[in-house]
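A.B. asks: Sharing query-v8.txt (compact mmCIF, C-alpha atoms and all ligand atoms) below.
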```txt
# COMPACT_ATOMS: atom_id res chain seq x y z
CA MET A 1 0.00 0.00 0.00
CA PHE A 2 1.01 3.59 0.20
CA ASN A 3 4.12 4.87 1.84
CA LEU A 4 2.53 5.83 5.10
CA GLY A 5 5.93 6.86 6.44
CA ASN A 6 5.86 9.89 4.19
CA LEU A 7 2.45 11.04 5.25
CA SER A 8 2.47 14.07 7.48
CA ALA A 9 1.47 13.10 10.97
CA PRO A 10 -1.90 14.38 12.04
CA SER A 11 -0.65 17.50 13.76
CA ALA A 12 -2.18 19.61 16.51
CA SER A 13 -5.86 18.93 16.20
CA THR A 14 -6.91 22.57 16.04
CA ALA A 15 -4.12 23.73 13.72
CA THR A 16 -5.07 26.00 10.83
CA LYS A 17 -2.95 25.61 7.73
CA LYS A 18 -2.86 28.14 4.92
CA VAL A 19 -2.05 26.83 1.46
CA LYS A 20 -2.11 28.11 -2.08
CA VAL A 21 -3.43 24.83 -3.49
CA LEU A 22 -5.36 22.29 -1.47
CA VAL A 23 -6.08 18.99 -3.17
CA LEU A 24 -8.85 16.80 -1.82
CA GLY A 25 -8.26 13.15 -2.67
CA SER A 26 -5.24 10.93 -3.25
CA GLY A 27 -6.25 9.01 -6.36
CA PRO A 28 -4.60 9.49 -9.75
CA ALA A 29 -6.42 12.81 -10.26
CA GLY A 30 -5.45 14.29 -6.90
CA LEU A 31 -1.83 13.18 -6.94
CA SER A 32 -1.35 14.33 -10.55
CA ALA A 33 -2.77 17.71 -9.61
CA ALA A 34 -0.32 17.79 -6.69
CA LEU A 35 2.60 16.96 -8.99
CA TYR A 36 1.77 19.79 -11.38
CA ALA A 37 1.07 22.30 -8.63
CA ALA A 38 4.30 21.30 -6.88
CA ARG A 39 6.31 21.81 -10.06
CA ALA A 40 4.78 25.28 -10.27
CA GLU A 41 6.26 25.81 -6.78
CA LEU A 42 2.86 26.21 -5.18
CA GLU A 43 3.62 23.75 -2.36
CA PRO A 44 0.27 21.95 -2.62
CA LEU A 45 -1.17 20.00 0.26
CA VAL A 46 -3.08 16.79 -0.43
CA LEU A 47 -5.65 15.49 2.01
CA THR A 48 -5.73 11.76 1.36
CA GLY A 49 -9.30 11.00 2.30
CA MET A 50 -10.17 7.60 3.71
CA GLU A 51 -8.87 5.59 0.76
CA PHE A 52 -5.25 6.12 -0.24
CA GLY A 53 -4.95 5.96 -3.98
CA GLY A 54 -8.69 5.99 -4.60
CA GLN A 55 -10.31 3.25 -6.66
CA ALA A 56 -7.10 2.63 -8.64
CA ALA A 57 -5.42 1.33 -5.48
CA LEU A 58 -8.07 -1.38 -5.28
CA THR A 59 -7.04 -2.73 -8.66
CA HIS A 60 -4.61 -5.61 -8.54
CA THR A 61 -2.79 -4.83 -11.79
CA ILE A 62 -3.20 -1.83 -14.05
CA GLU A 63 -2.20 -2.78 -17.56
CA ASN A 64 -3.43 0.22 -19.49
CA TYR A 65 -1.54 3.05 -17.82
CA PRO A 66 1.08 4.20 -20.35
CA GLY A 67 4.72 3.68 -19.46
CA PHE A 68 4.29 0.30 -17.80
CA PRO A 69 4.45 -2.31 -20.57
CA GLU A 70 4.31 -5.14 -18.02
CA GLY A 71 1.52 -3.51 -16.01
CA VAL A 72 1.79 -2.04 -12.53
CA GLY A 73 0.06 -2.79 -9.27
CA GLY A 74 -2.66 -0.28 -8.37
CA PRO A 75 -1.20 0.49 -4.92
CA GLU A 76 2.32 0.63 -6.37
CA LEU A 77 1.29 3.14 -9.03
CA GLY A 78 -0.30 5.28 -6.34
CA GLU A 79 2.89 5.17 -4.31
CA LEU A 80 4.90 6.25 -7.35
CA PHE A 81 2.48 9.14 -7.96
CA GLN A 82 2.90 10.17 -4.34
CA LYS A 83 6.71 10.00 -4.40
CA GLN A 84 6.90 11.99 -7.60
CA ALA A 85 4.66 14.75 -6.25
CA GLU A 86 6.59 14.87 -2.96
CA ARG A 87 9.89 15.12 -4.80
CA PHE A 88 8.79 18.56 -6.01
CA GLY A 89 7.48 19.72 -2.66
CA ALA A 90 3.92 18.43 -2.37
CA LYS A 91 2.81 17.41 1.11
CA VAL A 92 0.46 14.49 1.60
CA GLU A 93 -1.49 14.48 4.84
CA PHE A 94 -3.55 11.64 6.23
CA ASP A 95 -6.73 13.59 6.79
CA THR A 96 -10.25 13.58 5.47
CA ALA A 97 -12.19 16.73 4.67
CA GLN A 98 -15.49 16.71 6.50
CA SER A 99 -16.95 20.07 5.48
CA VAL A 100 -16.15 23.00 3.22
CA ASP A 101 -17.09 26.65 3.18
CA LEU A 102 -16.69 28.01 -0.33
CA SER A 103 -18.57 31.25 0.32
CA GLN A 104 -15.37 33.30 0.29
CA ARG A 105 -11.66 32.98 -0.40
CA PRO A 106 -9.57 31.60 1.07
CA PHE A 107 -11.82 28.57 1.01
CA LYS A 108 -12.21 26.90 4.37
CA VAL A 109 -11.93 23.13 4.62
CA THR A 110 -12.43 21.40 7.92
CA GLY A 111 -10.82 18.01 8.28
CA ASP A 112 -10.55 15.53 11.11
CA ASN A 113 -7.19 17.01 12.12
CA GLY A 114 -7.69 20.71 11.63
CA VAL A 115 -8.78 23.57 9.43
CA TYR A 116 -7.27 24.40 6.05
CA LEU A 117 -7.51 27.80 4.34
CA ALA A 118 -6.92 27.43 0.62
CA GLU A 119 -6.43 30.04 -2.10
CA THR A 120 -7.47 27.42 -4.63
CA LEU A 121 -9.07 24.03 -4.29
CA VAL A 122 -8.75 20.97 -6.51
CA ILE A 123 -11.55 18.54 -5.74
CA ALA A 124 -10.58 14.99 -6.64
CA THR A 125 -12.70 13.07 -4.18
CA GLY A 126 -13.73 10.47 -6.76
CA ALA A 127 -16.78 8.28 -6.91
CA ARG A 128 -17.56 4.95 -5.42
CA PRO A 129 -19.18 2.06 -7.25
CA ASN A 130 -22.45 1.14 -5.71
CA HIS A 131 -22.35 -2.17 -3.87
CA LEU A 132 -24.91 -4.93 -3.86
CA GLU A 133 -24.49 -5.20 -0.12
CA VAL A 134 -24.84 -8.96 -0.03
CA GLY A 135 -22.87 -11.56 1.89
CA GLY A 136 -19.43 -12.39 0.48
CA GLU A 137 -19.16 -9.19 -1.54
CA VAL A 138 -16.66 -7.40 0.66
CA GLU A 139 -14.62 -10.53 1.48
CA LEU A 140 -14.30 -11.57 -2.17
CA THR A 141 -13.55 -8.15 -3.68
CA GLY A 142 -10.31 -8.60 -5.63
CA LYS A 143 -10.81 -12.38 -5.51
CA GLY A 144 -13.38 -12.57 -8.27
CA VAL A 145 -15.67 -9.70 -7.31
CA SER A 146 -14.90 -6.64 -9.39
CA TYR A 147 -16.36 -3.26 -10.24
CA CYS A 148 -14.13 -2.67 -13.29
CA ALA A 149 -14.07 -4.88 -16.39
CA THR A 150 -11.38 -2.81 -18.06
CA CYS A 151 -9.12 -3.34 -15.05
CA ASP A 152 -9.82 -6.97 -14.29
CA GLY A 153 -11.34 -8.59 -17.39
CA TRP A 154 -8.05 -10.04 -18.54
CA PHE A 155 -7.86 -12.22 -15.43
CA PHE A 156 -10.99 -14.08 -16.54
CA LYS A 157 -9.64 -15.58 -19.75
CA ASP A 158 -11.83 -18.59 -20.70
CA LYS A 159 -13.70 -18.33 -17.38
CA LYS A 160 -17.39 -17.96 -16.62
CA VAL A 161 -18.45 -14.59 -15.28
CA ILE A 162 -21.68 -12.94 -14.30
CA VAL A 163 -22.49 -9.25 -14.61
CA VAL A 164 -25.03 -7.63 -12.32
CA GLY A 165 -27.05 -4.66 -13.64
CA GLY A 166 -29.14 -3.66 -16.61
CA GLY A 167 -27.80 -0.22 -17.54
CA ASP A 168 -25.35 0.97 -20.18
CA SER A 169 -22.38 0.16 -17.94
CA ALA A 170 -23.48 -3.44 -17.35
CA LEU A 171 -23.94 -4.10 -21.05
CA GLU A 172 -20.90 -2.18 -22.24
CA GLU A 173 -18.63 -3.81 -19.68
CA GLY A 174 -20.30 -7.18 -20.20
CA LEU A 175 -19.62 -6.98 -23.93
CA PHE A 176 -16.03 -5.98 -23.16
CA LEU A 177 -15.70 -9.08 -20.99
CA THR A 178 -16.62 -11.33 -23.94
CA ARG A 179 -13.10 -10.67 -25.25
CA PHE A 180 -11.76 -12.79 -22.43
CA ALA A 181 -14.45 -14.81 -20.74
CA ALA A 182 -15.92 -18.04 -22.04
CA SER A 183 -19.39 -16.83 -21.10
CA VAL A 184 -20.97 -13.69 -19.69
CA THR A 185 -24.28 -14.03 -17.86
CA ILE A 186 -26.06 -10.78 -17.16
CA VAL A 187 -28.24 -10.92 -14.07
CA HIS A 188 -30.84 -8.18 -13.99
CA ARG A 189 -33.51 -7.50 -11.39
CA ARG A 190 -36.19 -6.73 -14.01
CA ASP A 191 -37.12 -8.13 -17.43
CA THR A 192 -36.42 -4.86 -19.22
CA LEU A 193 -33.01 -3.33 -19.66
CA ARG A 194 -32.28 0.29 -18.89
CA ALA A 195 -29.40 0.33 -21.39
CA GLY A 196 -29.73 1.95 -24.82
CA LYS A 197 -31.08 -0.06 -27.75
CA VAL A 198 -27.80 -0.30 -29.63
CA LEU A 199 -26.06 -1.93 -26.67
CA GLN A 200 -29.09 -4.13 -26.06
CA ASN A 201 -29.04 -5.42 -29.62
CA ARG A 202 -25.33 -6.10 -29.50
CA ALA A 203 -25.74 -8.00 -26.24
CA PHE A 204 -28.76 -10.02 -27.44
CA GLN A 205 -26.90 -11.04 -30.58
CA HIS A 206 -23.63 -11.93 -28.93
CA PRO A 207 -23.12 -15.71 -28.73
CA LYS A 208 -21.27 -15.52 -25.39
CA VAL A 209 -23.86 -13.34 -23.63
CA ASN A 210 -26.94 -14.73 -21.91
CA PHE A 211 -29.40 -13.24 -19.44
CA ILE A 212 -31.07 -14.19 -16.21
CA TRP A 213 -34.08 -11.93 -15.73
CA ASN A 214 -36.05 -10.77 -12.71
CA SER A 215 -33.32 -12.00 -10.43
CA ALA A 216 -31.15 -10.72 -7.63
CA VAL A 217 -27.80 -11.99 -6.40
CA THR A 218 -28.42 -12.65 -2.74
CA ARG A 219 -24.97 -14.01 -1.80
CA ILE A 220 -21.54 -14.41 -3.35
CA VAL A 221 -19.88 -17.69 -2.49
CA GLY A 222 -16.20 -18.69 -2.33
CA GLY A 223 -13.12 -19.06 -0.19
CA ASP A 224 -9.85 -17.87 -1.73
CA LYS A 225 -11.81 -16.96 -4.84
CA VAL A 226 -15.36 -16.73 -6.09
CA THR A 227 -16.97 -20.04 -6.94
CA GLY A 228 -20.61 -19.11 -7.35
CA VAL A 229 -23.59 -16.98 -6.42
CA ALA A 230 -26.95 -17.53 -4.82
CA LEU A 231 -29.82 -16.14 -6.89
CA LYS A 232 -33.41 -15.33 -6.10
CA ASN A 233 -36.11 -14.95 -8.72
CA LEU A 234 -37.91 -11.81 -7.64
CA GLN A 235 -41.19 -12.86 -9.26
CA THR A 236 -41.46 -16.47 -8.13
CA GLY A 237 -39.26 -16.32 -5.03
CA GLU A 238 -37.37 -19.39 -6.28
CA GLU A 239 -33.81 -19.63 -4.97
CA THR A 240 -31.07 -21.19 -7.07
CA SER A 241 -27.29 -21.25 -7.22
CA LEU A 242 -25.00 -20.63 -10.15
CA GLU A 243 -21.34 -21.54 -10.53
CA THR A 244 -19.17 -18.67 -11.67
CA ASP A 245 -15.54 -17.55 -11.52
CA GLY A 246 -16.25 -13.84 -11.43
CA VAL A 247 -18.94 -11.37 -10.39
CA PHE A 248 -18.81 -7.95 -12.05
CA ILE A 249 -21.12 -5.42 -10.43
CA PHE A 250 -22.32 -2.39 -12.42
CA ILE A 251 -25.26 -0.94 -10.59
CA GLY A 252 -24.22 2.70 -10.76
CA HIS A 253 -21.69 4.97 -9.08
CA THR A 254 -22.09 7.60 -6.42
CA PRO A 255 -19.77 10.62 -6.62
CA ASN A 256 -18.25 11.74 -3.34
CA THR A 257 -19.76 15.20 -3.45
CA GLN A 258 -22.05 15.34 -0.46
CA MET A 259 -20.16 18.15 1.27
CA PHE A 260 -20.22 20.39 -1.83
CA ARG A 261 -24.00 20.27 -2.24
CA GLY A 262 -25.48 23.75 -2.55
CA GLN A 263 -22.05 25.31 -3.07
CA LEU A 264 -21.11 24.06 -6.55
CA GLU A 265 -23.21 23.26 -9.59
CA MET A 266 -23.80 19.54 -10.03
CA ASN A 267 -25.79 17.40 -12.40
CA GLU A 268 -28.75 15.35 -11.25
CA ALA A 269 -26.56 12.41 -10.29
CA GLY A 270 -24.39 14.63 -8.09
CA TYR A 271 -21.33 14.90 -10.35
CA ILE A 272 -19.72 18.35 -10.10
CA GLN A 273 -20.10 20.24 -13.35
CA SER A 274 -16.95 21.50 -15.02
CA ASN A 275 -15.74 22.85 -18.33
CA VAL A 276 -12.79 21.60 -20.41
CA HIS A 277 -10.47 23.62 -18.17
CA MET A 278 -11.67 21.68 -15.14
CA GLU A 279 -13.20 24.87 -13.75
CA THR A 280 -16.33 24.59 -11.61
CA SER A 281 -19.10 27.12 -11.17
CA LEU A 282 -16.92 28.89 -8.59
CA PRO A 283 -13.68 30.70 -9.57
CA GLY A 284 -10.69 29.15 -7.83
CA VAL A 285 -12.34 25.74 -7.38
CA PHE A 286 -11.28 23.06 -9.84
CA VAL A 287 -12.22 19.41 -10.22
CA ALA A 288 -10.54 16.33 -11.63
CA GLY A 289 -11.31 12.67 -12.09
CA GLU A 290 -14.43 10.72 -11.32
CA VAL A 291 -15.97 13.36 -9.13
CA THR A 292 -16.80 15.13 -12.40
CA ASP A 293 -16.41 12.31 -14.94
CA ASP A 294 -18.99 9.54 -15.18
CA HIS A 295 -17.92 8.59 -18.68
CA PHE A 296 -14.24 7.63 -19.01
CA ARG A 297 -13.37 6.47 -15.49
CA GLN A 298 -9.78 5.54 -16.34
CA VAL A 299 -6.57 6.14 -14.39
CA VAL A 300 -4.99 7.90 -17.35
CA THR A 301 -7.93 10.23 -17.97
CA SER A 302 -8.22 11.08 -14.29
CA ALA A 303 -4.50 11.81 -14.11
CA GLY A 304 -4.82 14.05 -17.16
CA MET A 305 -7.68 15.96 -15.59
CA GLY A 306 -5.63 16.39 -12.42
CA ALA A 307 -2.78 17.91 -14.39
CA ALA A 308 -5.18 20.22 -16.23
CA ALA A 309 -6.85 21.33 -12.99
CA ALA A 310 -3.47 22.21 -11.43
CA ILE A 311 -2.38 24.14 -14.51
CA GLN A 312 -5.59 26.16 -14.35
CA ALA A 313 -5.16 26.72 -10.61
CA THR A 314 -1.68 28.04 -11.36
CA HIS A 315 -3.05 30.45 -13.98
CA PHE A 316 -5.76 31.53 -11.56
CA LEU A 317 -3.22 32.37 -8.85
CA GLU A 318 -0.97 34.19 -11.31
CA LYS A 319 -3.89 36.40 -12.34
CA GLN A 320 -4.56 37.28 -8.70
CA LEU A 321 -1.04 38.69 -8.43
CA VAL A 322 -1.34 41.00 -11.47
P1 LIG A 401 -27.55 3.15 -14.39
O1 LIG A 401 -27.99 3.63 -15.72
O2 LIG A 401 -28.05 3.85 -13.19
O3 LIG A 401 -27.96 1.60 -14.32
C1 LIG A 401 -27.79 0.88 -13.15
C2 LIG A 401 -28.40 -0.50 -13.35
O4 LIG A 401 -28.18 -1.23 -12.16
C3 LIG A 401 -29.90 -0.48 -13.60
O5 LIG A 401 -30.24 -1.44 -14.58
C4 LIG A 401 -30.48 -0.85 -12.25
O6 LIG A 401 -31.67 -1.61 -12.34
C5 LIG A 401 -29.42 -1.72 -11.68
N1 LIG A 401 -29.38 -1.64 -10.22
C6 LIG A 401 -29.32 -0.52 -9.46
N2 LIG A 401 -29.26 -0.85 -8.16
C7 LIG A 401 -29.29 -2.21 -8.10
C8 LIG A 401 -29.25 -3.15 -7.06
N3 LIG A 401 -29.16 -2.76 -5.78
N4 LIG A 401 -29.31 -4.47 -7.36
C9 LIG A 401 -29.38 -4.86 -8.64
N5 LIG A 401 -29.42 -4.03 -9.69
C10 LIG A 401 -29.37 -2.71 -9.42
O7 LIG A 401 -25.96 3.15 -14.23
P2 LIG A 401 -24.83 2.95 -15.35
O8 LIG A 401 -25.16 1.82 -16.22
O9 LIG A 401 -23.53 2.95 -14.60
O10 LIG A 401 -24.90 4.30 -16.18
C11 LIG A 401 -24.72 5.58 -15.55
C12 LIG A 401 -24.86 6.68 -16.58
O11 LIG A 401 -23.75 6.61 -17.47
C13 LIG A 401 -26.12 6.52 -17.43
O12 LIG A 401 -26.61 7.79 -17.74
C14 LIG A 401 -25.62 5.85 -18.67
O13 LIG A 401 -26.42 6.11 -19.81
C15 LIG A 401 -24.21 6.43 -18.80
N6 LIG A 401 -23.33 5.49 -19.50
C16 LIG A 401 -23.30 5.56 -20.85
C17 LIG A 401 -22.51 4.69 -21.56
C18 LIG A 401 -22.51 4.76 -23.05
O14 LIG A 401 -23.24 5.58 -23.59
N7 LIG A 401 -21.76 3.96 -23.74
C19 LIG A 401 -21.76 3.72 -20.90
C20 LIG A 401 -21.81 3.67 -19.51
C21 LIG A 401 -22.62 4.56 -18.83
P3 LIG A 401 -33.05 -0.96 -12.85
O15 LIG A 401 -32.89 -0.84 -14.34
O16 LIG A 401 -34.07 -1.94 -12.44
O17 LIG A 401 -33.16 0.35 -12.16
```
Give the structure from the file, written as structure tokens.
C.D. replies:
Amino acid sequence: MFNLGNLSAPSASTATKKVKVLVLGSGPAGLSAALYAARAELEPLVLTGMEFGGQAALTHTIENYPGFPEGVGGPELGELFQKQAERFGAKVEFDTAQSVDLSQRPFKVTGDNGVYLAETLVIATGARPNHLEVGGEVELTGKGVSYCATCDGWFFKDKKVIVVGGGDSALEEGLFLTRFAASVTIVHRRDTLRAGKVLQNRAFQHPKVNFIWNSAVTRIVGGDKVTGVALKNLQTGEETSLETDGVFIFIGHTPNTQMFRGQLEMNEAGYIQSNVHMETSLPGVFVAGEVTDDHFRQVVTSAGMGAAAAIQATHFLEKQLV
């Protein structure tokens, strides 16, 4: 996991720190923003949040981040991001923002360990995949339970997998999994898909894809790895079991934006709205990664957004000095 030794110790609990750039979140977006802000000599401070490295750190091997032809471990990549940012003067503090006041600058962020006053803010708090919240899900995550086909599909070469969900993500990721898996069974709680017609037709016509309708996964079974699921037909109540090597869950994401509600413009799903410059509705507040992006959701795109956000924060601060 991350190099905890380099994290600033939680200092005096009531300390107030003033910074030019405060980055919320330690995933690829946040740490890339920190790298760019550090190289602009802005001495950024990163608040890690509860999950070091964000969702990327939960991925066993990342094989599509450029520069690593043999792939790189998710936690290892995060540690490299951290080291690189720190080399140029970024500070990474083990703290989680609990509330923000964006009504005036400097922006006020209250964390578990103190208060931060920031001239600019880069919000990179990410999104979390929604969980089924059934038995075995937590224990078997990374052992056959996955929320990312692009990240983990390759590990299911010639295996049987199930996909839970009936939206665009479930079908798109399910179709992606057909490149590797021997069969992809989509388990949906209704008999009508939410996904668009084009994806539906592709899925219906694909020889490796089949459907189980009106059904819920009630338990994921396995020891060292997933071996099967328990299913319940929601119309008849019938309970069955199904052998499978993998369970991919695509039942939506929730952006981590609760504390910004009412202070920044968001779309209906709670993603913070931004323009191509990663600017939000409030000057001086920038966003990067999955907190604003419900489309690409890749390490490389999040890192790119982080860099862009920091470049814009730099320009913003330069203009203040003129
Ligand atoms: P989504 O559209 O919200 O679909 C979530 C699916 O999961 C729904 O079918 C839902 O069932 C099911 N579901 C929700 N909670 C569940 C639970 N607890 N147990 C079992 N099933 C559950 O989410 P998404 O597919 O991630 O898409 C999010 C947005 O991104 C959408 O606007 C989508 O159009 C867009 N997107 C677009 C593309 C593309 O255009 N290529 C690709 C990916 C995503 P019900 O249908 O019964 O509600």
A.B. asks: Which residues of chain A come within 10 Å of ligand LIG 401 (chain A), and for each one, what is the closest pair of atoms and their distance in Å to one decimal, counting only C-alpha atoms and all ligand atoms, sorted by chain and residue number, as a tab-separated table?
C.D. replies:
```
residue	atom	partner	partner_atom	distance
A:Pro129	CA	A:LIG401	O9	8.6
A:Asn130	CA	A:LIG401	N2	7.5
A:His131	CA	A:LIG401	N3	7.1
A:Leu132	CA	A:LIG401	N3	5.1
A:Glu133	CA	A:LIG401	N3	7.7
A:Val134	CA	A:LIG401	N3	9.5
A:Val163	CA	A:LIG401	N5	10.0
A:Val164	CA	A:LIG401	N5	6.3
A:Gly165	CA	A:LIG401	O4	3.9
A:Gly166	CA	A:LIG401	O5	3.2
A:Gly167	CA	A:LIG401	O8	3.6
A:Asp168	CA	A:LIG401	O8	4.1
A:Ser169	CA	A:LIG401	O8	3.7
A:Ala170	CA	A:LIG401	O8	5.6
A:Leu171	CA	A:LIG401	O8	7.7
A:Glu172	CA	A:LIG401	C19	6.1
A:Glu173	CA	A:LIG401	C20	8.1
A:Val187	CA	A:LIG401	C9	8.2
A:His188	CA	A:LIG401	N5	6.1
A:Arg189	CA	A:LIG401	C9	5.6
A:Arg190	CA	A:LIG401	O16	5.5
A:Asp191	CA	A:LIG401	O16	8.5
A:Thr192	CA	A:LIG401	O15	7.2
A:Leu193	CA	A:LIG401	O15	5.9
A:Arg194	CA	A:LIG401	O15	4.7
A:Ala195	CA	A:LIG401	O13	6.7
A:Gly196	CA	A:LIG401	O13	7.3
A:Val198	CA	A:LIG401	N7	9.5
A:Leu199	CA	A:LIG401	N7	7.9
A:Asn214	CA	A:LIG401	O16	9.1
A:Ser215	CA	A:LIG401	C9	8.3
A:Ala216	CA	A:LIG401	C9	6.2
A:Val217	CA	A:LIG401	C9	7.6
A:Thr218	CA	A:LIG401	N4	9.4
A:Ile249	CA	A:LIG401	O4	8.4
A:Phe250	CA	A:LIG401	O9	5.9
A:Ile251	CA	A:LIG401	O4	3.3
A:Gly252	CA	A:LIG401	O7	3.9
A:His253	CA	A:LIG401	O9	6.2
A:Thr254	CA	A:LIG401	O9	9.5
A:Ala269	CA	A:LIG401	C12	8.7
A:Asp293	CA	A:LIG401	O11	9.6
A:Asp294	CA	A:LIG401	O11	6.0
A:His295	CA	A:LIG401	C21	6.2
A:Phe296	CA	A:LIG401	C20	8.6
A:Arg297	CA	A:LIG401	C20	9.8
```
A.B. asks: One decimal, in Å: what's the spacing between atom CA of Gln104 of chain A and atom CA of Ala15 of chain A?
C.D. replies: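 So the answer is 20.0 Å.
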A.B. asks: Which residues are near segment 51-58 of chain A? Cut-off 10 Å, all atoms listed in the file, ignore same chain within fewer than 3 positions. Put them as a PDB file with C-alpha atoms, keeping the file's coordinate frame.
C.D. replies:
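Saved file around20.pdb follows:
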```pdb
ATOM      1  CA  MET A   1       0.000   0.000   0.000  1.00  0.00           C
ATOM      2  CA  PHE A   2       1.010   3.590   0.200  1.00  0.00           C
ATOM      3  CA  ASN A   3       4.120   4.870   1.840  1.00  0.00           C
ATOM      4  CA  LEU A   4       2.530   5.830   5.100  1.00  0.00           C
ATOM      5  CA  GLY A  25      -8.260  13.150  -2.670  1.00  0.00           C
ATOM      6  CA  SER A  26      -5.240  10.930  -3.250  1.00  0.00           C
ATOM      7  CA  GLY A  27      -6.250   9.010  -6.360  1.00  0.00           C
ATOM      8  CA  PRO A  28      -4.600   9.490  -9.750  1.00  0.00           C
ATOM      9  CA  ALA A  29      -6.420  12.810 -10.260  1.00  0.00           C
ATOM     10  CA  GLY A  30      -5.450  14.290  -6.900  1.00  0.00           C
ATOM     11  CA  LEU A  31      -1.830  13.180  -6.940  1.00  0.00           C
ATOM     12  CA  LEU A  47      -5.650  15.490   2.010  1.00  0.00           C
ATOM     13  CA  THR A  48      -5.730  11.760   1.360  1.00  0.00           C
ATOM     14  CA  THR A  61      -2.790  -4.830 -11.790  1.00  0.00           C
ATOM     15  CA  ILE A  62      -3.200  -1.830 -14.050  1.00  0.00           C
ATOM     16  CA  GLY A  73       0.060  -2.790  -9.270  1.00  0.00           C
ATOM     17  CA  GLY A  74      -2.660  -0.280  -8.370  1.00  0.00           C
ATOM     18  CA  PRO A  75      -1.200   0.490  -4.920  1.00  0.00           C
ATOM     19  CA  GLU A  76       2.320   0.630  -6.370  1.00  0.00           C
ATOM     20  CA  LEU A  77       1.290   3.140  -9.030  1.00  0.00           C
ATOM     21  CA  GLY A  78      -0.300   5.280  -6.340  1.00  0.00           C
ATOM     22  CA  GLU A  79       2.890   5.170  -4.310  1.00  0.00           C
ATOM     23  CA  PHE A  81       2.480   9.140  -7.960  1.00  0.00           C
ATOM     24  CA  GLN A  82       2.900  10.170  -4.340  1.00  0.00           C
ATOM     25  CA  PHE A  94      -3.550  11.640   6.230  1.00  0.00           C
ATOM     26  CA  THR A  96     -10.250  13.580   5.470  1.00  0.00           C
ATOM     27  CA  ALA A 124     -10.580  14.990  -6.640  1.00  0.00           C
ATOM     28  CA  THR A 125     -12.700  13.070  -4.180  1.00  0.00           C
ATOM     29  CA  GLY A 126     -13.730  10.470  -6.760  1.00  0.00           C
ATOM     30  CA  ALA A 127     -16.780   8.280  -6.910  1.00  0.00           C
ATOM     31  CA  ARG A 128     -17.560   4.950  -5.420  1.00  0.00           C
ATOM     32  CA  PRO A 129     -19.180   2.060  -7.250  1.00  0.00           C
ATOM     33  CA  THR A 141     -13.550  -8.150  -3.680  1.00  0.00           C
ATOM     34  CA  GLY A 142     -10.310  -8.600  -5.630  1.00  0.00           C
ATOM     35  CA  SER A 146     -14.900  -6.640  -9.390  1.00  0.00           C
ATOM     36  CA  TYR A 147     -16.360  -3.260 -10.240  1.00  0.00           C
ATOM     37  CA  CYS A 148     -14.130  -2.670 -13.290  1.00  0.00           C
ATOM     38  CA  CYS A 151      -9.120  -3.340 -15.050  1.00  0.00           C
ATOM     39  CA  GLU A 290     -14.430  10.720 -11.320  1.00  0.00           C
ATOM     40  CA  ARG A 297     -13.370   6.470 -15.490  1.00  0.00           C
ATOM     41  CA  GLN A 298      -9.780   5.540 -16.340  1.00  0.00           C
ATOM     42  CA  VAL A 299      -6.570   6.140 -14.390  1.00  0.00           C
TER      43      VAL A 299
END
```
A.B. asks: Please write as an NGL selection string the list of polymer residues whose atoms come within 10 Å of (-19.1, -12.7, -3.7), counting only C-alpha atoms and keeping to the coordinates of the file.
C.D. replies: :A and (132-146 or 217-223 or 225-230 or 244-248)
A.B. asks: At a cut-off of 12 Å, using all atoms listed in the file, what residues contact Arg179 of chain A? Leave out same-chain residues fewer than 6 positions from it and give the result as a PDB file with C-alpha atoms, in the coordinates of the input.
C.D. replies:
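Produced file selection.pdb, reproduced below:
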```
ATOM      1  CA  ALA A 149     -14.070  -4.880 -16.390  1.00  0.00           C
ATOM      2  CA  THR A 150     -11.380  -2.810 -18.060  1.00  0.00           C
ATOM      3  CA  GLY A 153     -11.340  -8.590 -17.390  1.00  0.00           C
ATOM      4  CA  TRP A 154      -8.050 -10.040 -18.540  1.00  0.00           C
ATOM      5  CA  PHE A 155      -7.860 -12.220 -15.430  1.00  0.00           C
ATOM      6  CA  PHE A 156     -10.990 -14.080 -16.540  1.00  0.00           C
ATOM      7  CA  LYS A 157      -9.640 -15.580 -19.750  1.00  0.00           C
ATOM      8  CA  ASP A 158     -11.830 -18.590 -20.700  1.00  0.00           C
ATOM      9  CA  LYS A 159     -13.700 -18.330 -17.380  1.00  0.00           C
ATOM     10  CA  VAL A 161     -18.450 -14.590 -15.280  1.00  0.00           C
ATOM     11  CA  GLU A 172     -20.900  -2.180 -22.240  1.00  0.00           C
ATOM     12  CA  GLU A 173     -18.630  -3.810 -19.680  1.00  0.00           C
ATOM     13  CA  HIS A 206     -23.630 -11.930 -28.930  1.00  0.00           C
ATOM     14  CA  PRO A 207     -23.120 -15.710 -28.730  1.00  0.00           C
ATOM     15  CA  LYS A 208     -21.270 -15.520 -25.390  1.00  0.00           C
ATOM     16  CA  VAL A 209     -23.860 -13.340 -23.630  1.00  0.00           C
TER      17      VAL A 209
END
```
A.B. asks: Atom CA of Ile162 of chain A and atom CA of Asn210 of chain A, how far apart in Å?
C.D. replies: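 Computing it gives 9.4 Å between the two atoms.
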A.B. asks: For a test of reading the model, state the distance in Å between atom CA of Ala288 of chain A and atom CA of Gly306 of chain A, rounded to one decimal.
C.D. replies: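 One can read the atom CA of Ala288 of chain A to atom CA of Gly306 of chain A distance as 5.0 Å.
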A.B. asks: Would you please work out which residue, of A:Ile272, A:Met278, A:Leu242, A:Leu321, is nearest to Ala308 of chain A when using all atoms listed in the file?
C.D. replies: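 Ranked by minimum distance to Ala308 of chain A, first place goes to A:Met278.
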A.B. asks: Do a neighbour search on Ala309 of chain A at 8 Å with only C-alpha atoms, toss out local chain neighbours closer than 5 positions, and write the hits as a list in words.
C.D. replies: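 My list of contacting residues is Ala33, Val122, His277, Met278, Glu279, Phe286, Val287 and Ala288 of chain A.
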